[in-house]
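With mmCIF, C-alpha atoms inside, this is target-v8.cif:
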```cif
data_upload
loop_
_atom_site.group_PDB
_atom_site.id
_atom_site.type_symbol
_atom_site.label_atom_id
_atom_site.label_comp_id
_atom_site.auth_asym_id
_atom_site.auth_seq_id
_atom_site.Cartn_x
_atom_site.Cartn_y
_atom_site.Cartn_z
ATOM 1 C CA MET A 1 -162.296 -55.077 -2.069
ATOM 2 C CA LEU A 2 -159.209 -52.950 -2.684
ATOM 3 C CA MET A 3 -161.367 -50.000 -3.732
ATOM 4 C CA LYS A 4 -163.416 -50.302 -0.550
ATOM 5 C CA LEU A 5 -160.289 -50.332 1.600
ATOM 6 C CA THR A 6 -158.926 -47.307 -0.280
ATOM 7 C CA LYS A 7 -162.177 -45.400 0.193
ATOM 8 C CA LEU A 8 -162.255 -46.366 3.855
ATOM 9 C CA GLY A 9 -158.686 -45.120 4.309
ATOM 10 C CA LEU A 10 -159.470 -41.811 2.593
ATOM 11 C CA LEU A 11 -162.582 -41.351 4.700
ATOM 12 C CA SER A 12 -160.564 -42.070 7.835
ATOM 13 C CA VAL A 13 -157.936 -39.509 6.896
ATOM 14 C CA ALA A 14 -160.636 -36.960 6.088
ATOM 15 C CA ALA A 15 -162.364 -37.636 9.403
ATOM 16 C CA ILE A 16 -159.119 -37.210 11.312
ATOM 17 C CA ALA A 17 -158.358 -33.988 9.442
ATOM 18 C CA LEU A 18 -161.892 -32.673 10.122
ATOM 19 C CA ALA A 19 -161.644 -33.576 13.790
ATOM 20 C CA GLY A 20 -158.266 -31.859 14.028
ATOM 21 C CA GLY A 21 -159.630 -28.782 12.312
ATOM 22 C CA LEU A 22 -162.614 -28.588 14.672
ATOM 23 C CA ALA A 23 -160.450 -29.147 17.729
ATOM 24 C CA PHE A 24 -157.542 -26.834 16.899
ATOM 25 C CA GLY A 25 -158.915 -24.546 14.209
ATOM 26 C CA THR A 26 -156.286 -22.735 12.152
ATOM 27 C CA ASP A 27 -153.553 -24.129 14.419
ATOM 28 C CA ALA A 28 -154.209 -27.705 13.277
ATOM 29 C CA LEU A 29 -151.343 -27.627 10.761
ATOM 30 C CA SER A 30 -149.000 -26.231 13.401
ATOM 31 C CA TYR A 31 -149.970 -28.965 15.852
ATOM 32 C CA LEU A 32 -149.497 -31.598 13.139
ATOM 33 C CA THR A 33 -146.055 -30.217 12.215
ATOM 34 C CA SER A 34 -144.992 -30.071 15.839
ATOM 35 C CA SER A 35 -146.205 -33.627 16.395
ATOM 36 C CA THR A 36 -144.270 -34.854 13.360
ATOM 37 C CA ARG A 37 -141.098 -33.153 14.527
ATOM 38 C CA SER A 38 -141.546 -34.505 18.031
ATOM 39 C CA VAL A 39 -141.981 -38.043 16.709
ATOM 40 C CA ARG A 40 -138.927 -37.683 14.452
ATOM 41 C CA SER A 41 -136.808 -36.327 17.302
ATOM 42 C CA ALA A 42 -138.054 -39.016 19.663
ATOM 43 C CA VAL A 43 -137.196 -41.778 17.188
ATOM 44 C CA LYS A 44 -133.759 -40.300 16.540
ATOM 45 C CA ASP A 45 -133.062 -39.872 20.245
ATOM 46 C CA SER A 46 -134.134 -43.451 20.935
ATOM 47 C CA VAL A 47 -131.399 -44.875 18.660
ATOM 48 C CA PRO A 48 -128.566 -46.179 20.885
ATOM 49 C CA ILE A 49 -125.199 -44.435 20.625
ATOM 50 C CA GLU A 50 -123.494 -47.794 20.047
ATOM 51 C CA PHE A 51 -125.673 -48.400 16.998
ATOM 52 C CA GLN A 52 -124.861 -44.970 15.563
ATOM 53 C CA LEU A 53 -121.131 -45.555 16.114
ATOM 54 C CA ARG A 54 -121.402 -48.963 14.444
ATOM 55 C CA ARG A 55 -123.186 -47.337 11.510
ATOM 56 C CA ALA A 56 -120.431 -44.720 11.261
ATOM 57 C CA ARG A 57 -117.791 -47.468 11.218
ATOM 58 C CA ASP A 58 -119.709 -49.299 8.499
ATOM 59 C CA LEU A 59 -119.857 -46.148 6.375
ATOM 60 C CA VAL A 60 -116.110 -45.698 6.743
ATOM 61 C CA ASP A 61 -115.515 -49.363 5.912
ATOM 62 C CA ASP A 62 -117.611 -48.940 2.763
ATOM 63 C CA ILE A 63 -114.873 -46.643 1.460
ATOM 64 C CA ILE A 64 -112.340 -49.511 1.418
ATOM 65 C CA PRO A 65 -113.686 -51.297 -1.719
ATOM 66 C CA GLU A 66 -113.713 -47.983 -3.584
ATOM 67 C CA MET A 67 -110.145 -47.318 -2.459
ATOM 68 C CA HIS A 68 -109.079 -50.762 -3.682
ATOM 69 C CA ALA A 69 -110.747 -50.136 -7.051
ATOM 70 C CA ASN A 70 -108.951 -46.803 -7.372
ATOM 71 C CA ILE A 71 -105.650 -48.409 -6.363
ATOM 72 C CA ARG A 72 -106.116 -50.974 -9.138
ATOM 73 C CA LEU A 73 -106.834 -48.229 -11.673
ATOM 74 C CA ILE A 74 -103.732 -46.353 -10.537
ATOM 75 C CA ALA A 75 -101.652 -49.518 -10.922
ATOM 76 C CA GLN A 76 -103.007 -50.008 -14.446
ATOM 77 C CA GLN A 77 -102.187 -46.397 -15.308
ATOM 78 C CA GLU A 78 -98.654 -46.847 -13.978
ATOM 79 C CA VAL A 79 -98.164 -49.952 -16.146
ATOM 80 C CA GLU A 80 -99.486 -48.126 -19.202
ATOM 81 C CA ILE A 81 -97.230 -45.142 -18.527
ATOM 82 C CA ASP A 82 -94.190 -47.382 -18.130
ATOM 83 C CA ALA A 83 -94.980 -49.107 -21.435
ATOM 84 C CA LEU A 84 -95.476 -45.752 -23.130
ATOM 85 C CA LYS A 85 -92.146 -44.505 -21.777
ATOM 86 C CA ARG A 86 -90.368 -47.586 -23.203
ATOM 87 C CA ASP A 87 -92.111 -47.076 -26.514
ATOM 88 C CA LEU A 88 -91.057 -43.429 -26.552
ATOM 89 C CA THR A 89 -87.451 -44.367 -25.818
ATOM 90 C CA GLN A 90 -87.428 -46.821 -28.710
ATOM 91 C CA SER A 91 -89.185 -44.353 -31.017
ATOM 92 C CA ARG A 92 -86.677 -41.620 -30.204
ATOM 93 C CA GLN A 93 -83.800 -44.032 -30.878
ATOM 94 C CA ARG A 94 -85.278 -45.127 -34.220
ATOM 95 C CA LEU A 95 -85.872 -41.503 -35.158
ATOM 96 C CA SER A 96 -82.289 -40.611 -34.248
ATOM 97 C CA ASP A 97 -80.970 -43.503 -36.345
ATOM 98 C CA GLU A 98 -83.144 -42.497 -39.264
ATOM 99 C CA ARG A 99 -81.908 -38.926 -39.102
ATOM 100 C CA ALA A 100 -78.327 -40.236 -39.201
ATOM 101 C CA GLN A 101 -79.144 -42.271 -42.337
ATOM 102 C CA ILE A 102 -80.755 -39.238 -43.955
ATOM 103 C CA ALA A 103 -77.651 -37.200 -43.191
ATOM 104 C CA LYS A 104 -75.447 -39.839 -44.894
ATOM 105 C CA LEU A 105 -77.629 -39.928 -47.997
ATOM 106 C CA ARG A 106 -77.680 -36.136 -48.127
ATOM 107 C CA ASP A 107 -73.887 -35.989 -47.857
ATOM 108 C CA ALA A 108 -73.576 -38.590 -50.647
ATOM 109 C CA LEU A 109 -75.806 -36.598 -52.991
ATOM 110 C CA ALA A 110 -73.773 -33.448 -52.289
ATOM 111 C CA GLY A 111 -71.022 -34.770 -54.613
ATOM 112 C CA LYS A 112 -71.081 -35.414 -58.345
ATOM 113 C CA GLU A 113 -70.935 -39.239 -58.238
ATOM 114 C CA GLU A 114 -73.491 -41.157 -60.260
ATOM 115 C CA SER A 115 -73.348 -44.322 -58.137
ATOM 116 C CA PHE A 116 -72.875 -45.057 -54.445
ATOM 117 C CA ALA A 117 -71.987 -48.165 -52.446
ATOM 118 C CA PHE A 118 -73.703 -48.788 -49.094
ATOM 119 C CA SER A 119 -73.118 -51.997 -47.103
ATOM 120 C CA GLY A 120 -71.551 -53.674 -50.141
ATOM 121 C CA VAL A 121 -74.477 -52.794 -52.446
ATOM 122 C CA THR A 122 -74.172 -50.257 -55.251
ATOM 123 C CA TYR A 123 -77.007 -47.793 -55.933
ATOM 124 C CA THR A 124 -77.469 -45.264 -58.668
ATOM 125 C CA ARG A 125 -77.835 -41.579 -57.942
ATOM 126 C CA GLU A 126 -81.543 -41.738 -58.833
ATOM 127 C CA GLN A 127 -82.126 -44.618 -56.398
ATOM 128 C CA VAL A 128 -80.366 -42.738 -53.603
ATOM 129 C CA LYS A 129 -82.426 -39.619 -54.349
ATOM 130 C CA GLU A 130 -85.701 -41.551 -54.259
ATOM 131 C CA ASP A 131 -84.684 -43.319 -51.056
ATOM 132 C CA LEU A 132 -83.817 -39.978 -49.439
ATOM 133 C CA ALA A 133 -87.205 -38.511 -50.407
ATOM 134 C CA ARG A 134 -88.999 -41.551 -48.994
ATOM 135 C CA ARG A 135 -87.017 -41.398 -45.757
ATOM 136 C CA LEU A 136 -87.817 -37.704 -45.344
ATOM 137 C CA GLU A 137 -91.561 -38.394 -45.604
ATOM 138 C CA ASN A 138 -91.312 -41.270 -43.159
ATOM 139 C CA VAL A 139 -89.256 -39.330 -40.634
ATOM 140 C CA LYS A 140 -91.756 -36.452 -40.701
ATOM 141 C CA ASP A 141 -94.597 -38.880 -39.993
ATOM 142 C CA ALA A 142 -92.515 -40.470 -37.237
ATOM 143 C CA GLU A 143 -91.953 -37.062 -35.623
ATOM 144 C CA LEU A 144 -95.721 -36.409 -35.606
ATOM 145 C CA VAL A 145 -96.374 -39.791 -33.993
ATOM 146 C CA LEU A 146 -93.622 -39.163 -31.448
ATOM 147 C CA ALA A 147 -95.089 -35.755 -30.552
ATOM 148 C CA SER A 148 -98.519 -37.363 -30.119
ATOM 149 C CA LYS A 149 -97.087 -40.045 -27.825
ATOM 150 C CA GLU A 150 -95.288 -37.391 -25.774
ATOM 151 C CA ARG A 151 -98.548 -35.448 -25.295
ATOM 152 C CA LEU A 152 -100.266 -38.688 -24.338
ATOM 153 C CA LEU A 153 -97.556 -39.381 -21.767
ATOM 154 C CA THR A 154 -97.910 -35.874 -20.327
ATOM 155 C CA ASN A 155 -101.698 -36.208 -20.005
ATOM 156 C CA GLN A 156 -101.523 -39.681 -18.481
ATOM 157 C CA SER A 157 -98.864 -38.534 -16.010
ATOM 158 C CA LYS A 158 -101.071 -35.618 -14.926
ATOM 159 C CA ALA A 159 -104.092 -37.903 -14.569
ATOM 160 C CA LEU A 160 -102.033 -40.342 -12.518
ATOM 161 C CA SER A 161 -100.825 -37.525 -10.257
ATOM 162 C CA VAL A 162 -104.398 -36.299 -9.691
ATOM 163 C CA ALA A 163 -105.613 -39.844 -8.959
ATOM 164 C CA MET A 164 -102.807 -40.459 -6.470
ATOM 165 C CA GLN A 165 -103.511 -37.163 -4.705
ATOM 166 C CA ALA A 166 -107.218 -38.017 -4.490
ATOM 167 C CA LEU A 167 -106.368 -41.451 -3.102
ATOM 168 C CA GLU A 168 -104.043 -39.921 -0.517
ATOM 169 C CA ARG A 169 -106.759 -37.452 0.544
ATOM 170 C CA THR A 170 -109.210 -40.309 0.881
ATOM 171 C CA ARG A 171 -106.750 -42.240 3.041
ATOM 172 C CA SER A 172 -106.185 -39.195 5.251
ATOM 173 C CA GLN A 173 -109.910 -38.541 5.598
ATOM 174 C CA LYS A 174 -110.542 -42.191 6.396
ATOM 175 C CA ALA A 175 -107.872 -42.135 9.097
ATOM 176 C CA LEU A 176 -109.315 -38.908 10.514
ATOM 177 C CA LEU A 177 -112.850 -40.332 10.593
ATOM 178 C CA GLU A 178 -111.618 -43.494 12.273
ATOM 179 C CA SER A 179 -109.838 -41.462 14.951
ATOM 180 C CA GLN A 180 -112.956 -39.337 15.520
ATOM 181 C CA ILE A 181 -115.144 -42.433 15.831
ATOM 182 C CA ALA A 182 -112.667 -43.943 18.281
ATOM 183 C CA ALA A 183 -112.733 -40.723 20.324
ATOM 184 C CA LEU A 184 -116.555 -40.734 20.365
ATOM 185 C CA ALA A 185 -116.575 -44.385 21.383
ATOM 186 C CA GLY A 186 -114.202 -43.589 24.258
ATOM 187 C CA GLN A 187 -116.346 -40.663 25.348
ATOM 188 C CA ASN A 188 -119.438 -42.875 25.256
ATOM 189 C CA LYS A 189 -117.742 -45.512 27.408
ATOM 190 C CA LEU A 190 -116.706 -42.820 29.890
ATOM 191 C CA LEU A 191 -120.276 -41.569 30.115
ATOM 192 C CA GLN A 192 -121.541 -45.106 30.612
ATOM 193 C CA ALA A 193 -119.014 -45.690 33.371
ATOM 194 C CA THR A 194 -119.997 -42.420 35.043
ATOM 195 C CA SER A 195 -123.693 -43.251 34.799
ATOM 196 C CA ALA A 196 -123.110 -46.734 36.190
ATOM 197 C CA GLY A 197 -121.327 -45.290 39.226
ATOM 198 C CA SER A 198 -124.140 -42.886 40.044
ATOM 199 C CA THR A 199 -127.280 -43.943 41.899
ATOM 200 C CA VAL A 200 -129.232 -40.855 40.828
ATOM 201 C CA LEU A 201 -130.452 -40.908 37.243
ATOM 202 C CA VAL A 202 -132.127 -37.755 35.961
ATOM 203 C CA ASP A 203 -133.646 -37.428 32.515
ATOM 204 C CA ASN A 204 -132.905 -33.801 31.728
ATOM 205 C CA SER A 205 -134.898 -33.901 28.509
ATOM 206 C CA LYS A 206 -138.058 -34.868 30.397
ATOM 207 C CA LEU A 207 -137.423 -32.139 32.979
ATOM 208 C CA ALA A 208 -137.094 -29.609 30.190
ATOM 209 C CA GLN A 209 -140.321 -30.832 28.571
ATOM 210 C CA SER A 210 -142.145 -30.651 31.893
ATOM 211 C CA GLU A 211 -140.873 -27.116 32.482
ATOM 212 C CA ARG A 212 -142.053 -26.019 29.050
ATOM 213 C CA LEU A 213 -145.463 -27.586 29.638
ATOM 214 C CA ILE A 214 -145.795 -25.865 33.028
ATOM 215 C CA ASN A 215 -144.931 -22.523 31.463
ATOM 216 C CA GLU A 216 -147.544 -23.056 28.741
ATOM 217 C CA VAL A 217 -150.237 -23.944 31.292
ATOM 218 C CA LYS A 218 -149.324 -20.916 33.423
ATOM 219 C CA LYS A 219 -149.519 -18.665 30.374
ATOM 220 C CA GLN A 220 -152.963 -20.013 29.477
ATOM 221 C CA LEU A 221 -154.215 -19.456 33.062
ATOM 222 C CA ASP A 222 -152.872 -15.885 33.046
ATOM 223 C CA VAL A 223 -154.678 -15.181 29.782
ATOM 224 C CA SER A 224 -157.929 -16.623 31.143
ATOM 225 C CA GLU A 225 -157.616 -14.494 34.289
ATOM 226 C CA ARG A 226 -157.124 -11.317 32.257
ATOM 227 C CA VAL A 227 -160.106 -12.160 30.036
ATOM 228 C CA LEU A 228 -162.325 -12.548 33.081
ATOM 229 C CA ALA A 229 -161.055 -9.267 34.505
ATOM 230 C CA HIS A 230 -161.884 -7.403 31.281
ATOM 231 C CA GLU A 231 -165.327 -9.006 31.060
ATOM 232 C CA SER A 232 -166.194 -7.996 34.610
ATOM 233 C CA ARG A 233 -165.707 -4.329 33.743
ATOM 234 C CA PHE A 234 -168.582 -4.391 31.277
ATOM 235 C CA ALA A 235 -171.034 -6.228 33.571
ATOM 236 C CA GLN A 236 -173.677 -3.808 35.031
ATOM 237 C CA ASP A 237 -175.021 -4.919 38.396
ATOM 238 C CA ILE A 238 -178.734 -4.388 39.086
ATOM 239 C CA LYS A 239 -179.145 -2.084 42.093
ATOM 240 C CA VAL A 240 -181.890 -3.290 44.363
ATOM 241 C CA ASP A 241 -182.652 -0.697 47.146
ATOM 242 C CA ALA A 242 -185.118 -1.348 49.947
ATOM 243 C CA ILE A 243 -188.093 1.134 50.061
ATOM 244 C CA SER A 244 -187.825 3.456 53.035
ATOM 245 C CA GLU A 245 -191.175 4.443 54.627
ATOM 246 C CA ARG A 246 -189.708 7.699 55.943
ATOM 247 C CA ASP A 247 -188.539 8.695 52.494
ATOM 248 C CA VAL A 248 -191.940 7.940 51.023
ATOM 249 C CA LEU A 249 -193.725 10.061 53.667
ATOM 250 C CA THR A 250 -191.299 12.908 53.230
ATOM 251 C CA GLN A 251 -191.808 12.893 49.494
ATOM 252 C CA ALA A 252 -195.607 12.856 49.983
ATOM 253 C CA ASP A 253 -195.518 15.804 52.413
ATOM 254 C CA GLN A 254 -193.378 17.802 50.009
ATOM 255 C CA TYR A 255 -195.718 17.061 47.138
ATOM 256 C CA LEU A 256 -198.853 17.985 49.124
ATOM 257 C CA ALA A 257 -197.315 21.227 50.401
ATOM 258 C CA SER A 258 -196.422 22.303 46.922
ATOM 259 C CA SER A 259 -199.923 21.442 45.699
ATOM 260 C CA GLN A 260 -201.611 23.637 48.370
ATOM 261 C CA LYS A 261 -199.503 26.619 47.392
ATOM 262 C CA LYS A 262 -200.864 26.384 43.914
#
```
Show how you would write the structure in this file as structure tokens.
Amino acid sequence: MLMKLTKLGLLSVAAIALAGGLAFGTDALSYLTSSTRSVRSAVKDSVPIEFQLRRARDLVDDIIPEMHANIRLIAQQEVEIDALKRDLTQSRQRLSDERAQIAKLRDALAGKEESFAFSGVTYTREQVKEDLARRLENVKDAELVLASKERLLTNQSKALSVAMQALERTRSQKALLESQIAALAGQNKLLQATSAGSTVLVDNSKLAQSERLINEVKKQLDVSERVLAHESRFAQDIKVDAISERDVLTQADQYLASSQKK
């Protein structure tokens, strides 16, 4: 059953295409294109202005959820940046304290003592030397980590700035679109009020279509008139002359006279 319907549809389309080709010839595609455009324009023109304005408002309102999502992301980035800043402050303080301890151990090893007392605990020179070496390795690693965190903070701050600028542009564009829609709505109301106060309603689009159609018809009639004029030039009329008895007699007398002279 489905195959039959499909075949029937294809045959119908082919028949319509054949009929269009026979009726319009090579201009069939042009007529079809023009018809499609006319239908599209007619459908678009038939949509009420109020509906289009409502659709524009809906499109603008659809931006709000995206704005809220971006605002939430910005808030999360701000929290992360604040936490990173606190971490950096603590890391810098720990690194500063560690450098101070390294300086003390280095100053202690600058002398000739074999033992040292720190916070009530005595350490040998070898222990202090090993502790200093360990602290130097740790502080170098800590400096690398600190530099990495500082780069991370710089990148996150730039990303946050870009996101906030984009959000601000979106807000400005949304406000601009809303003002433009409000202006269009006011203009539409003014036109409606003007139309309501007038008793004469003229569809200018139909007048323009009628004028174009009249011009096309006039052009076709002018072409037909010129074709007929050119055809009439090549038509040879048959001359039908009545036989004159006097002419016949005159011709006979002339012939007989010439025959006698011979």
query = Applied to this file, what does the PyMOL selection byres ((chain A and resi 150-167) around 9) return in terms of residues, put as a PyMOL selection string?
reply = chain A and resi 67+70-71+73-74+77-78+80-81+84-85+88+145-149+168-172
ask   = Quick one: distance from atom CA of A:Asn188 to atom CA of A:Pro48 in Å, one decimal?
value = 10.6 Å
task = Could you jot down the atom CA of A:Leu176 to atom CA of A:Ala75 separation for me, Å, one decimal place?
result =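 Between atom CA of A:Leu176 and atom CA of A:Ala75 the gap is 25.1 Å.
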ask   = In Å, how far is it from atom CA of A:Ser115 to atom CA of A:Val128?
value =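 So the answer is 8.5 Å.
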key: Minimum-distance residue to A:Ile181, chosen among A:Leu53, A:Ala110, A:Ala133, A:Ile64 (using only C-alpha atoms)   =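 Of the candidates, the smallest distance to A:Ile181 is held by A:Leu53.
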task = Select, from A:Glu50, A:Arg72, A:Arg125, A:Val60, the residue with the minimum atom-to-atom distance to A:Ala175, counting all atoms listed in the file.
result =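 Checking each candidate against A:Ala175, we get A:Val60 as the closest.
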message = Please enumerate the residues selected by the PyMOL selection byres ((chain A and resi 132) around 10) when evaluated against the supplied file, formatted as a ChimeraX atom specification.
response = /A:101-106,109,126-131,133-138
Draw an axis-aligned box over all listed atoms of stretch 173-179 of chain A, pad each side with 3 Å, and write its centre and edge lengths in Å, one decimal, as JSON.
```
{"center_x": -110.4, "center_y": -41.0, "center_z": 10.3, "size_x": 11.0, "size_y": 11.0, "size_z": 15.4}
```
task = Excluding A:Glu178 and residues on its chain fewer than 4 positions from it, collect all residues at most 10 Å away from it, counting all atoms listed in the file, and give them as number ranges by chain.
result = A: 56-57, 60-61, 172-174, 182-184
Reconstruct stretch 112-138 of chain A at the level of N, CA and C atoms, and format the result as a short mmCIF file (atom, residue, chain, number, x, y, z; two decimals), in the frame of the given file.
```cif
data_model
loop_
_atom_site.label_atom_id
_atom_site.label_comp_id
_atom_site.auth_asym_id
_atom_site.auth_seq_id
_atom_site.Cartn_x
_atom_site.Cartn_y
_atom_site.Cartn_z
N LYS A 112 -70.70 -35.27 -56.94
CA LYS A 112 -71.08 -35.41 -58.34
C LYS A 112 -71.15 -36.87 -58.78
N GLU A 113 -70.95 -37.82 -57.87
CA GLU A 113 -70.94 -39.24 -58.24
C GLU A 113 -72.31 -39.64 -58.77
N GLU A 114 -72.27 -40.62 -59.66
CA GLU A 114 -73.49 -41.16 -60.26
C GLU A 114 -73.89 -42.48 -59.62
N SER A 115 -73.01 -43.07 -58.83
CA SER A 115 -73.35 -44.32 -58.14
C SER A 115 -72.71 -44.29 -56.75
N PHE A 116 -73.34 -45.07 -55.84
CA PHE A 116 -72.88 -45.06 -54.44
C PHE A 116 -72.95 -46.48 -53.90
N ALA A 117 -72.00 -46.83 -53.04
CA ALA A 117 -71.99 -48.16 -52.45
C ALA A 117 -72.27 -48.04 -50.94
N PHE A 118 -73.33 -48.77 -50.51
CA PHE A 118 -73.70 -48.79 -49.09
C PHE A 118 -73.84 -50.25 -48.66
N SER A 119 -73.08 -50.62 -47.65
CA SER A 119 -73.12 -52.00 -47.10
C SER A 119 -72.86 -53.03 -48.19
N GLY A 120 -71.92 -52.72 -49.11
CA GLY A 120 -71.55 -53.67 -50.14
C GLY A 120 -72.50 -53.70 -51.31
N VAL A 121 -73.50 -52.83 -51.35
CA VAL A 121 -74.48 -52.79 -52.45
C VAL A 121 -74.34 -51.45 -53.14
N THR A 122 -74.33 -51.48 -54.47
CA THR A 122 -74.17 -50.26 -55.25
C THR A 122 -75.54 -49.75 -55.69
N TYR A 123 -75.74 -48.44 -55.56
CA TYR A 123 -77.01 -47.79 -55.93
C TYR A 123 -76.71 -46.63 -56.87
N THR A 124 -77.62 -46.40 -57.77
CA THR A 124 -77.47 -45.26 -58.67
C THR A 124 -77.85 -43.98 -57.94
N ARG A 125 -77.50 -42.87 -58.55
CA ARG A 125 -77.83 -41.58 -57.94
C ARG A 125 -79.35 -41.39 -57.86
N GLU A 126 -80.08 -41.85 -58.85
CA GLU A 126 -81.54 -41.74 -58.83
C GLU A 126 -82.14 -42.56 -57.71
N GLN A 127 -81.62 -43.77 -57.49
CA GLN A 127 -82.13 -44.62 -56.40
C GLN A 127 -81.88 -43.97 -55.03
N VAL A 128 -80.69 -43.40 -54.88
CA VAL A 128 -80.37 -42.74 -53.60
C VAL A 128 -81.28 -41.53 -53.39
N LYS A 129 -81.55 -40.79 -54.46
CA LYS A 129 -82.43 -39.62 -54.35
C LYS A 129 -83.84 -40.03 -53.96
N GLU A 130 -84.35 -41.09 -54.58
CA GLU A 130 -85.70 -41.55 -54.26
C GLU A 130 -85.77 -42.09 -52.82
N ASP A 131 -84.70 -42.80 -52.43
CA ASP A 131 -84.68 -43.32 -51.06
C ASP A 131 -84.64 -42.17 -50.03
N LEU A 132 -83.90 -41.13 -50.34
CA LEU A 132 -83.82 -39.98 -49.44
C LEU A 132 -85.18 -39.29 -49.31
N ALA A 133 -85.87 -39.14 -50.44
CA ALA A 133 -87.20 -38.51 -50.41
C ALA A 133 -88.18 -39.34 -49.57
N ARG A 134 -88.11 -40.67 -49.77
CA ARG A 134 -89.00 -41.55 -48.99
C ARG A 134 -88.70 -41.46 -47.50
N ARG A 135 -87.41 -41.46 -47.17
CA ARG A 135 -87.02 -41.40 -45.76
C ARG A 135 -87.45 -40.07 -45.12
N LEU A 136 -87.38 -39.00 -45.87
CA LEU A 136 -87.82 -37.70 -45.34
C LEU A 136 -89.32 -37.71 -45.02
N GLU A 137 -90.12 -38.30 -45.88
CA GLU A 137 -91.56 -38.39 -45.60
C GLU A 137 -91.82 -39.24 -44.37
N ASN A 138 -91.10 -40.37 -44.30
CA ASN A 138 -91.31 -41.27 -43.16
C ASN A 138 -90.88 -40.63 -41.83
#
```
